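Below: the structure, in C-alpha cells.
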Amino acid sequence: MPPVLSLLLGLVLALTAQAASSGLVLTNAIRTVDLTALPAVSEQIGVVIQNNHDSKVAKSYVVQIPASKRDRLSEISVRERKSGTELPLAKLNEDSSYQATFNHPLQPGDKISLNIDLVFLNTVVAQPAAIGQSDDQVWTWSDHVSILSADPVNKQKTVVKAPGTIKSYSQLNSTTKSGKAVTFGPFTKDSPELKNAQMAQVRFLDNSEQLEALEHRREYFVSHWANDLNVLEHYALRNRAPAISDGFDKVKQTVSRFMKARDNFIKTLLVKVPVDARQMYVVDEIGNVSTSAVTRPQRVDGERFKVMQLKPRYPMAGQWNYTWWHGYSVPLSSYLRVQGTRHALRVPFIGSITGSASQSNEIPVAAIKTRNTAVSRYQLRVTLPEGATNIHAHVPFAVDGLRMERQHYYFDLQGRTVVVIEHHNVAPSAADAHVVVTYDYSRWALWQKPAVVALVLFVLFAMASVVNRMQHGLATNSPVPKSKKSQ
C-alpha cells in the first residue's frame, strides 16, 4: 500500500475512533435478573447515560440484545426512571437492536437515567437434565456478567434473584451472596470481567411447574344472528421439567401420591374461561383426558371467571408433550360495541392456562393466578361475518405478523374475512392484553345470508312443484291398457 494511502487510512481510523469515544457513555449500569416467575426471566437494566459529545446533541440510545438470547426475547420497553415515561422503540435490523428515542434531546454534558425492561422465555436449563420421579429440580442460569452495549460502560454490576435455594454460583471478583440473591460486581471498565465479557452461572433449586406451549392457536367465530362468539383453542403443550432418568413407572407414580408430598408430574391443567361461558367441550388426539370438570363462577382479586379442569389419564412427566383442543361459546353482546354500522370487537389476545403438579384432588381456584405457561408459537384468528368491510385490527404491542385471509363457509357468496395475528415468545403476562377489531357491518349484510337461504329454499320448492306437475301431467295423458277380462 502506498505511504500516502496508508497515512490517509490511519487518519480516517483515528478520527472514527475519536468520534466513537466522544459519544454516549454509560457512567453506571445495574442489571437485575429475576428468576422467580419461570419460565419467564425478567431483566431490568438501569443505566445512567451521559452525552460526551463536544457540541452535538444525542437524540436516541441503541439497546442491543445478545445473540444467544435473541430468539428468546418476548418483551422490551424503555422508560425514563424519574418520570416513568415510556420511550418510543424502533427495531433497527435483524440483529435485534432497538433504538429508543429520547423525549427531549440530550445536550452535551447532560445525563439521563433509563430503565430497560426485558423478558426472555425458557432461558434457564435443567442440570441434570434427567432425574428421578420425585427428585428435586435444579436449574442453571448462565449469561455474560456484562451487558451488551455499543457505548462504553464505566461501571456495572449484575444481581441475580433465584426462586429457591442457591446450590452454587460462579466465584468471580467482587461476588457476594445474600439469601436467594447473588451479586456480581460492581466492575469497572478496566476489570477483566467486563473486558473479556466473562460468563457467570447460578445453580438453584426450583420445583415449581414450568410449561411450554410449542404451538397455540386461538380462534374466534363471530355470529351476529345468534348473538354468539365461539372460542376454540388448540394446544401442543410440553412439561419443561427434567426428563425421568429411570423411565416412567405408573406404580411408583401412584405410590408417590401417598408417600411423598410432591413429584415432577403435571396432573391437572387449569383453563380460565369467562363467567358466562357455555357449551364447553374438550377433544384430544389420543383420548388421554380421563376427567374434566368446570367450577362454579369464582371471584379472585375482584375478577369473576370459571375454571375448566383437565386431568389426563397419564400425567405429564418431564419433557412429555400433550395435544388437545377445547372450546366454548359466550354472548357476543358482552364483547361487541356498535355505533351505527361501525362495530368494535374487543377480545383477549391469548388465553390463560396453568399446570399443577399437586397431589391433592382438590386444587384451589386461586392457583389459576400462577401463570407458568410460555407460548413459543402463537396464532390468533378472528373470523368475521360475511359482508364485514373496512376492517382494522389494533394490538397493544408489536407482533410478528398481521394479515387478512378469505375463508368460505356454508351458504357464503363472497366468503368471510379472517384476521390472522402471529407472534413468537408470548409471555404469560400477555393474558391481560386485548385485541380490538373494528369493522363496518350494514343491515343488508346482516340479512344477506337469510335472504340467500330463503331464495334457495324457494327455488328448490318451485323446482319440486314443477317436476311434480310434469309427472302428474304425464300420468294423466298416458293411455290405460285394457285388461284381458274386458277383452
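We name chains A, B, ... following the order of the C-alpha cells; residues begin at 1 in each chain, and ligands are numbered from 1 as shown.
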Q) What lies within 8 Å of stretch 391-405 of chain A using only C-alpha atoms, ignoring chain neighbours under 4 positions off, as a list of chain:residue names? A) A:Thr417, A:Val418, A:Val419, A:Val420, A:Ile421, A:Glu422, A:His423, A:His424, A:Ala433, A:His434, A:Val435, A:Val436, A:Val437, A:Thr438, A:Tyr439, A:Asp440
According to DSSP computed on the backbone, where in stretch 125-271 of chain A is there strand (DSSP E)? Give the residues as JSON, numbers by chain. {"A": [125, 126, 130, 131, 138, 139, 140, 141, 142, 143, 144, 155, 156, 157, 158, 159, 160, 161, 166, 167, 168, 169, 175, 176, 177, 178, 181, 182, 183, 184, 185, 186, 187, 188, 199, 200, 201, 202, 203, 204, 205, 211, 212, 213, 214, 215, 216, 217, 218, 219, 220, 221, 222, 223, 228, 229, 230, 231, 232, 233, 234, 235, 236, 237, 238, 239, 243, 244, 268, 269, 270, 271]}
Review point. With distances taken over only C-alpha atoms, which of A:Phe248, A:Arg238, A:Val124, A:Ala129 is nearest to A:Gln201?
Key: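 The closest residue to A:Gln201 is A:Val124.
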Write out as a PDB file with all heavy atoms, in the first residue's frame which residues come within 8 Å of stretch 362-377 of chain A when counting only C-alpha atoms, dropping same-chain ones fewer than 5 positions away.
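Okay, this is what ended up in selection_27.pdb:
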ATOM      1  N   ALA A  37     -40.250 -16.101  38.413  1.00  0.00           N
ATOM      2  CA  ALA A  37     -41.509 -16.350  37.684  1.00  0.00           C
ATOM      3  C   ALA A  37     -41.234 -17.183  36.442  1.00  0.00           C
ATOM      4  O   ALA A  37     -41.707 -16.869  35.351  1.00  0.00           O
ATOM      5  CB  ALA A  37     -42.183 -15.033  37.318  1.00  0.00           C
ATOM      6  N   LEU A  38     -40.460 -18.254  36.607  1.00  0.00           N
ATOM      7  CA  LEU A  38     -40.134 -19.106  35.472  1.00  0.00           C
ATOM      8  C   LEU A  38     -41.404 -19.731  34.888  1.00  0.00           C
ATOM      9  O   LEU A  38     -42.365 -19.981  35.618  1.00  0.00           O
ATOM     10  CB  LEU A  38     -39.160 -20.200  35.915  1.00  0.00           C
ATOM     11  CG  LEU A  38     -37.798 -19.704  36.416  1.00  0.00           C
ATOM     12  CD1 LEU A  38     -36.961 -20.872  36.914  1.00  0.00           C
ATOM     13  CD2 LEU A  38     -37.060 -18.960  35.315  1.00  0.00           C
ATOM     14  N   PRO A  39     -41.436 -19.954  33.565  1.00  0.00           N
ATOM     15  CA  PRO A  39     -40.333 -19.920  32.609  1.00  0.00           C
ATOM     16  C   PRO A  39     -39.970 -18.540  32.066  1.00  0.00           C
ATOM     17  O   PRO A  39     -39.121 -18.449  31.188  1.00  0.00           O
ATOM     18  CB  PRO A  39     -40.849 -20.804  31.482  1.00  0.00           C
ATOM     19  CG  PRO A  39     -42.335 -20.624  31.521  1.00  0.00           C
ATOM     20  CD  PRO A  39     -42.682 -20.484  32.971  1.00  0.00           C
ATOM     21  N   ALA A  40     -40.597 -17.468  32.551  1.00  0.00           N
ATOM     22  CA  ALA A  40     -40.259 -16.118  32.121  1.00  0.00           C
ATOM     23  C   ALA A  40     -39.123 -15.579  32.987  1.00  0.00           C
ATOM     24  O   ALA A  40     -39.168 -15.670  34.213  1.00  0.00           O
ATOM     25  CB  ALA A  40     -41.482 -15.200  32.208  1.00  0.00           C
ATOM     26  N   LEU A 121     -37.856 -15.938  27.512  1.00  0.00           N
ATOM     27  CA  LEU A 121     -38.572 -17.174  27.830  1.00  0.00           C
ATOM     28  C   LEU A 121     -37.644 -18.376  27.678  1.00  0.00           C
ATOM     29  O   LEU A 121     -36.860 -18.449  26.721  1.00  0.00           O
ATOM     30  CB  LEU A 121     -39.783 -17.343  26.914  1.00  0.00           C
ATOM     31  CG  LEU A 121     -40.834 -16.226  26.952  1.00  0.00           C
ATOM     32  CD1 LEU A 121     -41.984 -16.571  26.015  1.00  0.00           C
ATOM     33  CD2 LEU A 121     -41.346 -16.003  28.360  1.00  0.00           C
ATOM     34  N   ASN A 122     -37.767 -19.282  28.648  1.00  0.00           N
ATOM     35  CA  ASN A 122     -37.098 -20.584  28.567  1.00  0.00           C
ATOM     36  C   ASN A 122     -35.587 -20.468  28.381  1.00  0.00           C
ATOM     37  O   ASN A 122     -34.977 -21.199  27.590  1.00  0.00           O
ATOM     38  CB  ASN A 122     -37.698 -21.413  27.417  1.00  0.00           C
ATOM     39  CG  ASN A 122     -39.201 -21.556  27.523  1.00  0.00           C
ATOM     40  OD1 ASN A 122     -39.747 -21.707  28.614  1.00  0.00           O
ATOM     41  ND2 ASN A 122     -39.883 -21.507  26.390  1.00  0.00           N
ATOM     42  N   GLU A 209     -43.861 -25.670  38.750  1.00  0.00           N
ATOM     43  CA  GLU A 209     -44.200 -26.173  37.429  1.00  0.00           C
ATOM     44  C   GLU A 209     -43.797 -25.163  36.350  1.00  0.00           C
ATOM     45  O   GLU A 209     -43.952 -23.953  36.530  1.00  0.00           O
ATOM     46  CB  GLU A 209     -45.699 -26.460  37.328  1.00  0.00           C
ATOM     47  CG  GLU A 209     -46.233 -27.446  38.367  1.00  0.00           C
ATOM     48  CD  GLU A 209     -46.639 -26.778  39.664  1.00  0.00           C
ATOM     49  OE1 GLU A 209     -46.225 -25.620  39.880  1.00  0.00           O
ATOM     50  OE2 GLU A 209     -47.366 -27.393  40.453  1.00  0.00           O
ATOM     51  N   GLN A 210     -43.296 -25.698  35.235  1.00  0.00           N
ATOM     52  CA  GLN A 210     -42.966 -24.886  34.068  1.00  0.00           C
ATOM     53  C   GLN A 210     -43.492 -25.590  32.829  1.00  0.00           C
ATOM     54  O   GLN A 210     -43.172 -26.748  32.579  1.00  0.00           O
ATOM     55  CB  GLN A 210     -41.460 -24.678  33.938  1.00  0.00           C
ATOM     56  CG  GLN A 210     -40.813 -23.893  35.049  1.00  0.00           C
ATOM     57  CD  GLN A 210     -39.351 -23.637  34.766  1.00  0.00           C
ATOM     58  OE1 GLN A 210     -38.975 -23.267  33.652  1.00  0.00           O
ATOM     59  NE2 GLN A 210     -38.513 -23.814  35.776  1.00  0.00           N
ATOM     60  N   LEU A 211     -44.304 -24.877  32.056  1.00  0.00           N
ATOM     61  CA  LEU A 211     -44.887 -25.430  30.837  1.00  0.00           C
ATOM     62  C   LEU A 211     -44.504 -24.563  29.645  1.00  0.00           C
ATOM     63  O   LEU A 211     -44.379 -23.337  29.761  1.00  0.00           O
ATOM     64  CB  LEU A 211     -46.405 -25.515  30.945  1.00  0.00           C
ATOM     65  CG  LEU A 211     -46.969 -26.504  31.974  1.00  0.00           C
ATOM     66  CD1 LEU A 211     -48.460 -26.328  32.108  1.00  0.00           C
ATOM     67  CD2 LEU A 211     -46.634 -27.917  31.591  1.00  0.00           C
ATOM     68  N   GLU A 212     -44.340 -25.209  28.506  1.00  0.00           N
ATOM     69  CA  GLU A 212     -44.083 -24.505  27.251  1.00  0.00           C
ATOM     70  C   GLU A 212     -45.108 -24.949  26.222  1.00  0.00           C
ATOM     71  O   GLU A 212     -45.227 -26.149  25.937  1.00  0.00           O
ATOM     72  CB  GLU A 212     -42.674 -24.789  26.734  1.00  0.00           C
ATOM     73  CG  GLU A 212     -42.373 -24.130  25.392  1.00  0.00           C
ATOM     74  CD  GLU A 212     -41.031 -24.532  24.816  1.00  0.00           C
ATOM     75  OE1 GLU A 212     -40.362 -25.397  25.424  1.00  0.00           O
ATOM     76  OE2 GLU A 212     -40.657 -23.988  23.760  1.00  0.00           O
ATOM     77  N   ALA A 213     -45.857 -24.006  25.706  1.00  0.00           N
ATOM     78  CA  ALA A 213     -46.787 -24.293  24.611  1.00  0.00           C
ATOM     79  C   ALA A 213     -46.000 -24.195  23.305  1.00  0.00           C
ATOM     80  O   ALA A 213     -45.681 -23.098  22.841  1.00  0.00           O
ATOM     81  CB  ALA A 213     -47.954 -23.314  24.621  1.00  0.00           C
ATOM     82  N   LEU A 214     -45.662 -25.352  22.759  1.00  0.00           N
ATOM     83  CA  LEU A 214     -44.918 -25.351  21.499  1.00  0.00           C
ATOM     84  C   LEU A 214     -45.716 -24.668  20.403  1.00  0.00           C
ATOM     85  O   LEU A 214     -45.159 -23.928  19.585  1.00  0.00           O
ATOM     86  CB  LEU A 214     -44.578 -26.785  21.101  1.00  0.00           C
ATOM     87  CG  LEU A 214     -43.802 -27.600  22.143  1.00  0.00           C
ATOM     88  CD1 LEU A 214     -43.623 -29.034  21.663  1.00  0.00           C
ATOM     89  CD2 LEU A 214     -42.458 -26.960  22.441  1.00  0.00           C
ATOM     90  N   GLU A 215     -47.016 -24.923  20.385  1.00  0.00           N
ATOM     91  CA  GLU A 215     -47.925 -24.260  19.455  1.00  0.00           C
ATOM     92  C   GLU A 215     -49.244 -23.990  20.166  1.00  0.00           C
ATOM     93  O   GLU A 215     -49.728 -24.837  20.925  1.00  0.00           O
ATOM     94  CB  GLU A 215     -48.175 -25.105  18.202  1.00  0.00           C
ATOM     95  CG  GLU A 215     -46.965 -25.261  17.312  1.00  0.00           C
ATOM     96  CD  GLU A 215     -47.281 -26.033  16.040  1.00  0.00           C
ATOM     97  OE1 GLU A 215     -48.449 -26.463  15.900  1.00  0.00           O
ATOM     98  OE2 GLU A 215     -46.379 -26.201  15.205  1.00  0.00           O
ATOM     99  N   HIS A 216     -49.784 -22.830  19.915  1.00  0.00           N
ATOM    100  CA  HIS A 216     -51.077 -22.462  20.495  1.00  0.00           C
ATOM    101  C   HIS A 216     -51.833 -21.638  19.464  1.00  0.00           C
ATOM    102  O   HIS A 216     -51.305 -20.646  18.942  1.00  0.00           O
ATOM    103  CB  HIS A 216     -50.882 -21.660  21.783  1.00  0.00           C
ATOM    104  CG  HIS A 216     -52.170 -21.229  22.418  1.00  0.00           C
ATOM    105  ND1 HIS A 216     -52.248 -20.186  23.319  1.00  0.00           N
ATOM    106  CD2 HIS A 216     -53.439 -21.684  22.276  1.00  0.00           C
ATOM    107  CE1 HIS A 216     -53.498 -20.030  23.707  1.00  0.00           C
ATOM    108  NE2 HIS A 216     -54.239 -20.923  23.078  1.00  0.00           N
ATOM    109  N   LEU A 270     -55.383 -26.230  34.391  1.00  0.00           N
ATOM    110  CA  LEU A 270     -56.435 -25.284  34.749  1.00  0.00           C
ATOM    111  C   LEU A 270     -56.565 -24.248  33.641  1.00  0.00           C
ATOM    112  O   LEU A 270     -55.603 -23.529  33.335  1.00  0.00           O
ATOM    113  CB  LEU A 270     -56.114 -24.598  36.080  1.00  0.00           C
ATOM    114  CG  LEU A 270     -55.813 -25.530  37.263  1.00  0.00           C
ATOM    115  CD1 LEU A 270     -55.417 -24.708  38.487  1.00  0.00           C
ATOM    116  CD2 LEU A 270     -57.002 -26.417  37.574  1.00  0.00           C
ATOM    117  N   VAL A 271     -57.745 -24.172  33.039  1.00  0.00           N
ATOM    118  CA  VAL A 271     -58.011 -23.233  31.951  1.00  0.00           C
ATOM    119  C   VAL A 271     -59.047 -22.226  32.433  1.00  0.00           C
ATOM    120  O   VAL A 271     -60.157 -22.596  32.820  1.00  0.00           O
ATOM    121  CB  VAL A 271     -58.524 -23.967  30.695  1.00  0.00           C
ATOM    122  CG1 VAL A 271     -58.764 -22.971  29.561  1.00  0.00           C
ATOM    123  CG2 VAL A 271     -57.550 -25.048  30.275  1.00  0.00           C
ATOM    124  N   LYS A 272     -58.675 -20.970  32.412  1.00  0.00           N
ATOM    125  CA  LYS A 272     -59.613 -19.919  32.822  1.00  0.00           C
ATOM    126  C   LYS A 272     -60.533 -19.566  31.661  1.00  0.00           C
ATOM    127  O   LYS A 272     -60.075 -19.274  30.550  1.00  0.00           O
ATOM    128  CB  LYS A 272     -58.859 -18.672  33.288  1.00  0.00           C
ATOM    129  CG  LYS A 272     -59.780 -17.601  33.857  1.00  0.00           C
ATOM    130  CD  LYS A 272     -58.996 -16.492  34.529  1.00  0.00           C
ATOM    131  CE  LYS A 272     -58.250 -15.638  33.545  1.00  0.00           C
ATOM    132  NZ  LYS A 272     -57.642 -14.455  34.180  1.00  0.00           N
ATOM    133  N   GLN A 298     -66.292 -18.101  40.076  1.00  0.00           N
ATOM    134  CA  GLN A 298     -65.419 -17.768  41.195  1.00  0.00           C
ATOM    135  C   GLN A 298     -65.031 -16.300  41.110  1.00  0.00           C
ATOM    136  O   GLN A 298     -65.084 -15.676  40.049  1.00  0.00           O
ATOM    137  CB  GLN A 298     -64.166 -18.647  41.167  1.00  0.00           C
ATOM    138  CG  GLN A 298     -64.444 -20.144  41.116  1.00  0.00           C
ATOM    139  CD  GLN A 298     -64.992 -20.666  42.408  1.00  0.00           C
ATOM    140  OE1 GLN A 298     -64.692 -20.151  43.482  1.00  0.00           O
ATOM    141  NE2 GLN A 298     -65.796 -21.734  42.324  1.00  0.00           N
ATOM    142  N   VAL A 300     -61.734 -13.981  42.228  1.00  0.00           N
ATOM    143  CA  VAL A 300     -60.369 -13.899  42.750  1.00  0.00           C
ATOM    144  C   VAL A 300     -59.806 -12.539  42.373  1.00  0.00           C
ATOM    145  O   VAL A 300     -59.766 -12.176  41.193  1.00  0.00           O
ATOM    146  CB  VAL A 300     -59.475 -15.024  42.190  1.00  0.00           C
ATOM    147  CG1 VAL A 300     -58.052 -14.879  42.712  1.00  0.00           C
ATOM    148  CG2 VAL A 300     -60.049 -16.385  42.551  1.00  0.00           C
ATOM    149  N   VAL A 307     -63.352 -22.020  35.915  1.00  0.00           N
ATOM    150  CA  VAL A 307     -62.114 -22.759  35.657  1.00  0.00           C
ATOM    151  C   VAL A 307     -62.479 -24.130  35.098  1.00  0.00           C
ATOM    152  O   VAL A 307     -63.240 -24.884  35.708  1.00  0.00           O
ATOM    153  CB  VAL A 307     -61.267 -22.913  36.929  1.00  0.00           C
ATOM    154  CG1 VAL A 307     -60.031 -23.761  36.641  1.00  0.00           C
ATOM    155  CG2 VAL A 307     -60.859 -21.552  37.463  1.00  0.00           C
ATOM    156  N   SER A 352     -55.482 -18.109  29.182  1.00  0.00           N
ATOM    157  CA  SER A 352     -54.652 -18.360  30.358  1.00  0.00           C
ATOM    158  C   SER A 352     -54.784 -19.822  30.752  1.00  0.00           C
ATOM    159  O   SER A 352     -55.885 -20.335  30.909  1.00  0.00           O
ATOM    160  CB  SER A 352     -55.081 -17.461  31.524  1.00  0.00           C
ATOM    161  OG  SER A 352     -54.332 -17.750  32.681  1.00  0.00           O
ATOM    162  N   ILE A 353     -53.639 -20.497  30.906  1.00  0.00           N
ATOM    163  CA  ILE A 353     -53.631 -21.902  31.307  1.00  0.00           C
ATOM    164  C   ILE A 353     -52.514 -22.108  32.322  1.00  0.00           C
ATOM    165  O   ILE A 353     -51.430 -21.510  32.208  1.00  0.00           O
ATOM    166  CB  ILE A 353     -53.462 -22.828  30.083  1.00  0.00           C
ATOM    167  CG1 ILE A 353     -53.560 -24.295  30.519  1.00  0.00           C
ATOM    168  CG2 ILE A 353     -52.157 -22.566  29.363  1.00  0.00           C
ATOM    169  CD1 ILE A 353     -53.633 -25.262  29.367  1.00  0.00           C
ATOM    170  N   THR A 354     -52.786 -22.942  33.318  1.00  0.00           N
ATOM    171  CA  THR A 354     -51.832 -23.207  34.394  1.00  0.00           C
ATOM    172  C   THR A 354     -51.733 -24.709  34.600  1.00  0.00           C
ATOM    173  O   THR A 354     -52.745 -25.408  34.627  1.00  0.00           O
ATOM    174  CB  THR A 354     -52.288 -22.531  35.701  1.00  0.00           C
ATOM    175  OG1 THR A 354     -52.384 -21.120  35.485  1.00  0.00           O
ATOM    176  CG2 THR A 354     -51.299 -22.805  36.823  1.00  0.00           C
ATOM    177  N   GLY A 355     -50.515 -25.201  34.745  1.00  0.00           N
ATOM    178  CA  GLY A 355     -50.291 -26.605  35.048  1.00  0.00           C
ATOM    179  C   GLY A 355     -49.999 -26.789  36.524  1.00  0.00           C
ATOM    180  O   GLY A 355     -49.303 -25.984  37.144  1.00  0.00           O
ATOM    181  N   GLU A 422     -49.971 -13.361  14.223  1.00  0.00           N
ATOM    182  CA  GLU A 422     -48.973 -14.350  14.595  1.00  0.00           C
ATOM    183  C   GLU A 422     -47.887 -13.702  15.436  1.00  0.00           C
ATOM    184  O   GLU A 422     -47.476 -12.560  15.176  1.00  0.00           O
ATOM    185  CB  GLU A 422     -48.360 -15.009  13.353  1.00  0.00           C
ATOM    186  CG  GLU A 422     -49.360 -15.821  12.549  1.00  0.00           C
ATOM    187  CD  GLU A 422     -48.761 -16.432  11.299  1.00  0.00           C
ATOM    188  OE1 GLU A 422     -47.811 -15.824  10.754  1.00  0.00           O
ATOM    189  OE2 GLU A 422     -49.238 -17.503  10.876  1.00  0.00           O
ATOM    190  N   HIS A 423     -47.442 -14.435  16.444  1.00  0.00           N
ATOM    191  CA  HIS A 423     -46.406 -13.900  17.330  1.00  0.00           C
ATOM    192  C   HIS A 423     -45.624 -15.056  17.941  1.00  0.00           C
ATOM    193  O   HIS A 423     -46.166 -16.156  18.137  1.00  0.00           O
ATOM    194  CB  HIS A 423     -47.041 -13.036  18.423  1.00  0.00           C
ATOM    195  CG  HIS A 423     -46.078 -12.104  19.090  1.00  0.00           C
ATOM    196  ND1 HIS A 423     -45.200 -11.314  18.393  1.00  0.00           N
ATOM    197  CD2 HIS A 423     -45.831 -11.839  20.402  1.00  0.00           C
ATOM    198  CE1 HIS A 423     -44.487 -10.591  19.230  1.00  0.00           C
ATOM    199  NE2 HIS A 423     -44.840 -10.917  20.455  1.00  0.00           N
ATOM    200  N   HIS A 424     -44.362 -14.809  18.235  1.00  0.00           N
ATOM    201  CA  HIS A 424     -43.500 -15.794  18.877  1.00  0.00           C
ATOM    202  C   HIS A 424     -43.127 -15.314  20.281  1.00  0.00           C
ATOM    203  O   HIS A 424     -43.101 -14.112  20.557  1.00  0.00           O
ATOM    204  CB  HIS A 424     -42.225 -16.020  18.063  1.00  0.00           C
ATOM    205  CG  HIS A 424     -42.459 -16.674  16.736  1.00  0.00           C
ATOM    206  ND1 HIS A 424     -42.981 -15.998  15.648  1.00  0.00           N
ATOM    207  CD2 HIS A 424     -42.270 -17.954  16.309  1.00  0.00           C
ATOM    208  CE1 HIS A 424     -43.075 -16.814  14.622  1.00  0.00           C
ATOM    209  NE2 HIS A 424     -42.662 -18.012  14.998  1.00  0.00           N
ATOM    210  N   ASN A 425     -42.841 -16.270  21.145  1.00  0.00           N
ATOM    211  CA  ASN A 425     -42.380 -15.958  22.503  1.00  0.00           C
ATOM    212  C   ASN A 425     -43.377 -15.055  23.234  1.00  0.00           C
ATOM    213  O   ASN A 425     -43.087 -13.894  23.549  1.00  0.00           O
ATOM    214  CB  ASN A 425     -40.998 -15.298  22.475  1.00  0.00           C
ATOM    215  CG  ASN A 425     -39.938 -16.202  21.874  1.00  0.00           C
ATOM    216  OD1 ASN A 425     -40.007 -17.417  22.015  1.00  0.00           O
ATOM    217  ND2 ASN A 425     -38.974 -15.613  21.207  1.00  0.00           N
ATOM    218  N   VAL A 426     -44.539 -15.606  23.505  1.00  0.00           N
ATOM    219  CA  VAL A 426     -45.584 -14.864  24.214  1.00  0.00           C
ATOM    220  C   VAL A 426     -45.469 -15.181  25.703  1.00  0.00           C
ATOM    221  O   VAL A 426     -45.618 -16.339  26.113  1.00  0.00           O
ATOM    222  CB  VAL A 426     -46.981 -15.231  23.694  1.00  0.00           C
ATOM    223  CG1 VAL A 426     -48.050 -14.397  24.398  1.00  0.00           C
ATOM    224  CG2 VAL A 426     -47.050 -15.019  22.184  1.00  0.00           C
ATOM    225  N   ALA A 427     -45.210 -14.164  26.517  1.00  0.00           N
ATOM    226  CA  ALA A 427     -45.053 -14.343  27.953  1.00  0.00           C
ATOM    227  C   ALA A 427     -46.414 -14.524  28.620  1.00  0.00           C
ATOM    228  O   ALA A 427     -47.446 -14.100  28.081  1.00  0.00           O
ATOM    229  CB  ALA A 427     -44.328 -13.148  28.565  1.00  0.00           C
ATOM    230  N   PRO A 428     -46.454 -15.159  29.800  1.00  0.00           N
ATOM    231  CA  PRO A 428     -47.744 -15.332  30.492  1.00  0.00           C
ATOM    232  C   PRO A 428     -48.462 -14.022  30.780  1.00  0.00           C
ATOM    233  O   PRO A 428     -49.689 -14.000  30.866  1.00  0.00           O
ATOM    234  CB  PRO A 428     -47.343 -16.050  31.788  1.00  0.00           C
ATOM    235  CG  PRO A 428     -46.084 -16.770  31.458  1.00  0.00           C
ATOM    236  CD  PRO A 428     -45.364 -15.871  30.484  1.00  0.00           C
ATOM    237  N   SER A 429     -47.724 -12.927  30.926  1.00  0.00           N
ATOM    238  CA  SER A 429     -48.357 -11.642  31.216  1.00  0.00           C
ATOM    239  C   SER A 429     -49.220 -11.140  30.071  1.00  0.00           C
ATOM    240  O   SER A 429     -50.063 -10.254  30.265  1.00  0.00           O
ATOM    241  CB  SER A 429     -47.287 -10.598  31.546  1.00  0.00           C
ATOM    242  OG  SER A 429     -46.374 -10.447  30.468  1.00  0.00           O
TER     243      SER A 429
END
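Shortest separation to A:Ala243 among A:Ser170, A:Ile49, A:Asn264, A:His326 occurs at residue A:Asn264, atoms counted being only C-alpha atoms.
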*Which residue of A:Leu92, A:Met470, A:Ala58, A:Glu43 approaches A:Glu75 most closely, using only C-alpha atoms*: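 The answer is A:Glu43, which sits nearest to A:Glu75.
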query = Out of A:Val459, A:Ala430, A:Arg416, A:Thr268, which residue has the shortest atom-to-atom distance to A:Pro348 when counting only C-alpha atoms?
reply =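 Going through A:Val459, A:Ala430, A:Arg416, A:Thr268 one by one, the smallest distance to A:Pro348 is for A:Ala430.
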Shell around A:Leu89 at 8 Å using only C-alpha atoms, local window under 4 positions removed, as a PDB file with N, CA, C and O atoms, in the first residue's frame:
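Written out: around_1.pdb:
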ATOM      1  N   SER A  77     -39.054  -2.836  26.703  1.00  0.00           N
ATOM      2  CA  SER A  77     -39.551  -1.465  26.870  1.00  0.00           C
ATOM      3  C   SER A  77     -38.466  -0.648  27.539  1.00  0.00           C
ATOM      4  O   SER A  77     -37.630  -1.179  28.283  1.00  0.00           O
ATOM      5  N   VAL A  78     -38.479   0.659  27.260  1.00  0.00           N
ATOM      6  CA  VAL A  78     -37.505   1.592  27.837  1.00  0.00           C
ATOM      7  C   VAL A  78     -38.278   2.776  28.414  1.00  0.00           C
ATOM      8  O   VAL A  78     -39.125   3.359  27.732  1.00  0.00           O
ATOM      9  N   TYR A  98     -32.482  -2.222  19.067  1.00  0.00           N
ATOM     10  CA  TYR A  98     -33.639  -1.342  19.171  1.00  0.00           C
ATOM     11  C   TYR A  98     -33.187   0.065  19.506  1.00  0.00           C
ATOM     12  O   TYR A  98     -32.331   0.266  20.384  1.00  0.00           O
ATOM     13  N   GLN A  99     -33.757   1.024  18.807  1.00  0.00           N
ATOM     14  CA  GLN A  99     -33.420   2.431  19.032  1.00  0.00           C
ATOM     15  C   GLN A  99     -34.502   3.078  19.877  1.00  0.00           C
ATOM     16  O   GLN A  99     -35.669   3.132  19.476  1.00  0.00           O
ATOM     17  N   ALA A 100     -34.105   3.540  21.047  1.00  0.00           N
ATOM     18  CA  ALA A 100     -35.006   4.259  21.948  1.00  0.00           C
ATOM     19  C   ALA A 100     -34.786   5.753  21.760  1.00  0.00           C
ATOM     20  O   ALA A 100     -33.679   6.258  21.992  1.00  0.00           O
ATOM     21  N   THR A 101     -35.824   6.471  21.349  1.00  0.00           N
ATOM     22  CA  THR A 101     -35.727   7.901  21.075  1.00  0.00           C
ATOM     23  C   THR A 101     -36.059   8.699  22.334  1.00  0.00           C
ATOM     24  O   THR A 101     -37.114   8.485  22.956  1.00  0.00           O
TER      25      THR A 101
END
